[in-house]
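Input: a single structure, listed below in structure tokens.
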Amino acid sequence: MKKNELFAVVLMFLATIGTVIGIFAYEKSRAKGYYTVELTARAPLNGNWYPRKFTVPFGQEVRIRIRNIETVSHGFAMPDFNIEPAINEIKAGEVKEIKFLADKKGTFPFFCTVWCSNEHLHMSGEITVE
């Protein structure tokens, strides 16, 4: 392999690794200060919310990233934190975020606000703040 070819290969490798490291560093700085929860939305017959129950620390700024992996739309509301509805519609394949301050201790419901199936009324979960 010639010097120029070796240089090009090394440069390409460094550019690729640098891009990946840059993306992770950017995401880490963006999430700084928030307790982040990844929530997946699926119709109840396909698995419901995942996780269906989760715990966050009291007094912390919380960011919930909701990913809809279905072919139907979903919504999200958490009335005890005045998030009604937080997101009117999360279309198929979309990711939406909500942020709130976990300033009340206890267990609180969240649910889907868009008719997603005949089992829609069962599409709910719980967040515990402790």
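Letters A, B, ... mark the chains of the structure tokens in the order given; residue numbers begin at 1 per chain; ligand numbers begin at 1, in order shown.
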Members of chain A assigned strand (DSSP E) by DSSP, as JSON, numbers by chain
{"A": [35, 36, 37, 38, 39, 40, 41, 53, 54, 55, 56, 61, 62, 63, 64, 65, 66, 67, 68, 74, 75, 76, 77, 78, 83, 84, 85, 86, 87, 88, 89, 90, 95, 96, 97, 98, 99, 100, 101, 106, 107, 108, 109, 110, 111, 124, 125, 126, 127, 128, 129]}
Excluding same-chain residues fewer than 5 positions from range 113-127 of chain A, what lies within 10 Å of it counting only C-alpha atoms, as number ranges by chain?
A: 41-45, 47-56, 70-78, 84-90, 102, 106-108
Computed interatomic separation between CA of Ile83 in chain A and CA of Lys105 in chain A (Å)
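About the pair CA of Ile83 in chain A and CA of Lys105 in chain A: they are 16.3 Å apart.
Proximity ranking of A:Asn4, A:Thr128, A:Val20, A:Glu38 relative to Asp103 in chain A places A:Thr128 first, based on only C-alpha atoms.
Restricting the calculation to only C-alpha atoms, the smallest distance between Arg67 in chain A and any of A:Asn82, A:Cys112, A:Leu39, A:Thr16 is found for A:Leu39.
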Would you return as a PDB file with N, CA and C atoms, in the first residue's frame the members of range 15-110 of chain A that DSSP assigns to helix (DSSP H, G or I) on this structure's backbone?
ATOM      1  N   ALA A  15     -12.008  10.173  10.736  1.00  0.00           N
ATOM      2  CA  ALA A  15     -13.218  10.963  10.471  1.00  0.00           C
ATOM      3  C   ALA A  15     -14.460  10.211  10.934  1.00  0.00           C
ATOM      4  N   THR A  16     -14.496   8.907  10.678  1.00  0.00           N
ATOM      5  CA  THR A  16     -15.647   8.091  11.082  1.00  0.00           C
ATOM      6  C   THR A  16     -15.744   8.020  12.602  1.00  0.00           C
ATOM      7  N   ILE A  17     -14.654   7.685  13.257  1.00  0.00           N
ATOM      8  CA  ILE A  17     -14.645   7.593  14.714  1.00  0.00           C
ATOM      9  C   ILE A  17     -14.942   8.953  15.338  1.00  0.00           C
ATOM     10  N   GLY A  18     -14.371  10.010  14.792  1.00  0.00           N
ATOM     11  CA  GLY A  18     -14.613  11.357  15.302  1.00  0.00           C
ATOM     12  C   GLY A  18     -16.071  11.757  15.215  1.00  0.00           C
ATOM     13  N   THR A  19     -16.736  11.383  14.132  1.00  0.00           N
ATOM     14  CA  THR A  19     -18.158  11.692  13.965  1.00  0.00           C
ATOM     15  C   THR A  19     -18.992  10.983  15.023  1.00  0.00           C
ATOM     16  N   VAL A  20     -18.722   9.702  15.232  1.00  0.00           N
ATOM     17  CA  VAL A  20     -19.480   8.931  16.225  1.00  0.00           C
ATOM     18  C   VAL A  20     -19.256   9.492  17.624  1.00  0.00           C
ATOM     19  N   ILE A  21     -18.019   9.785  17.971  1.00  0.00           N
ATOM     20  CA  ILE A  21     -17.721  10.355  19.292  1.00  0.00           C
ATOM     21  C   ILE A  21     -18.384  11.720  19.444  1.00  0.00           C
ATOM     22  N   GLY A  22     -18.380  12.517  18.387  1.00  0.00           N
ATOM     23  CA  GLY A  22     -19.029  13.824  18.425  1.00  0.00           C
ATOM     24  C   GLY A  22     -20.522  13.732  18.666  1.00  0.00           C
ATOM     25  N   ILE A  23     -21.178  12.763  18.041  1.00  0.00           N
ATOM     26  CA  ILE A  23     -22.626  12.575  18.227  1.00  0.00           C
ATOM     27  C   ILE A  23     -22.923  12.207  19.672  1.00  0.00           C
ATOM     28  N   PHE A  24     -22.173  11.266  20.221  1.00  0.00           N
ATOM     29  CA  PHE A  24     -22.399  10.870  21.609  1.00  0.00           C
ATOM     30  C   PHE A  24     -22.125  12.022  22.577  1.00  0.00           C
ATOM     31  N   ALA A  25     -21.099  12.789  22.329  1.00  0.00           N
ATOM     32  CA  ALA A  25     -20.790  13.933  23.190  1.00  0.00           C
ATOM     33  C   ALA A  25     -21.895  14.982  23.125  1.00  0.00           C
ATOM     34  N   TYR A  26     -22.419  15.241  21.942  1.00  0.00           N
ATOM     35  CA  TYR A  26     -23.504  16.203  21.779  1.00  0.00           C
ATOM     36  C   TYR A  26     -24.750  15.733  22.533  1.00  0.00           C
ATOM     37  N   GLU A  27     -25.118  14.460  22.388  1.00  0.00           N
ATOM     38  CA  GLU A  27     -26.292  13.928  23.086  1.00  0.00           C
ATOM     39  C   GLU A  27     -26.116  14.001  24.603  1.00  0.00           C
ATOM     40  N   LYS A  28     -24.917  13.717  25.075  1.00  0.00           N
ATOM     41  CA  LYS A  28     -24.668  13.768  26.514  1.00  0.00           C
ATOM     42  C   LYS A  28     -24.818  15.194  27.038  1.00  0.00           C
ATOM     43  N   SER A  29     -24.300  16.172  26.301  1.00  0.00           N
ATOM     44  CA  SER A  29     -24.416  17.559  26.747  1.00  0.00           C
ATOM     45  C   SER A  29     -25.853  18.056  26.663  1.00  0.00           C
ATOM     46  N   ARG A  30     -26.611  17.575  25.681  1.00  0.00           N
ATOM     47  CA  ARG A  30     -28.017  17.963  25.544  1.00  0.00           C
ATOM     48  C   ARG A  30     -28.852  17.451  26.697  1.00  0.00           C
ATOM     49  N   ALA A  31     -28.538  16.252  27.170  1.00  0.00           N
ATOM     50  CA  ALA A  31     -29.321  15.625  28.239  1.00  0.00           C
ATOM     51  C   ALA A  31     -28.872  16.053  29.630  1.00  0.00           C
ATOM     52  N   PRO A  44     -51.999  -1.766  23.095  1.00  0.00           N
ATOM     53  CA  PRO A  44     -52.032  -2.757  24.177  1.00  0.00           C
ATOM     54  C   PRO A  44     -51.866  -4.206  23.713  1.00  0.00           C
ATOM     55  N   LEU A  45     -52.448  -4.569  22.593  1.00  0.00           N
ATOM     56  CA  LEU A  45     -52.307  -5.949  22.119  1.00  0.00           C
ATOM     57  C   LEU A  45     -50.881  -6.239  21.646  1.00  0.00           C
ATOM     58  N   ASN A  46     -50.099  -5.201  21.379  1.00  0.00           N
ATOM     59  CA  ASN A  46     -48.723  -5.382  20.907  1.00  0.00           C
ATOM     60  C   ASN A  46     -47.694  -5.109  21.992  1.00  0.00           C
ATOM     61  N   PRO A  79     -51.932  13.825  33.824  1.00  0.00           N
ATOM     62  CA  PRO A  79     -52.706  14.916  34.430  1.00  0.00           C
ATOM     63  C   PRO A  79     -52.173  15.428  35.767  1.00  0.00           C
ATOM     64  N   ASP A  80     -51.563  14.571  36.582  1.00  0.00           N
ATOM     65  CA  ASP A  80     -51.091  15.013  37.898  1.00  0.00           C
ATOM     66  C   ASP A  80     -49.945  16.013  37.815  1.00  0.00           C
ATOM     67  N   PHE A  81     -49.313  16.111  36.662  1.00  0.00           N
ATOM     68  CA  PHE A  81     -48.255  17.096  36.453  1.00  0.00           C
ATOM     69  C   PHE A  81     -48.676  18.135  35.411  1.00  0.00           C
TER      70      PHE A  81
END
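In this model, the gap between CA of Ala92 in chain A and CA of Tyr35 in chain A comes to 25.2 Å.
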A:Phe58, A:Phe111, A:Phe7, A:Ile64 ranked by distance to Val37 in chain A, top pick (using only C-alpha atoms):
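For Val37 in chain A, the nearest of the candidates is A:Ile64.
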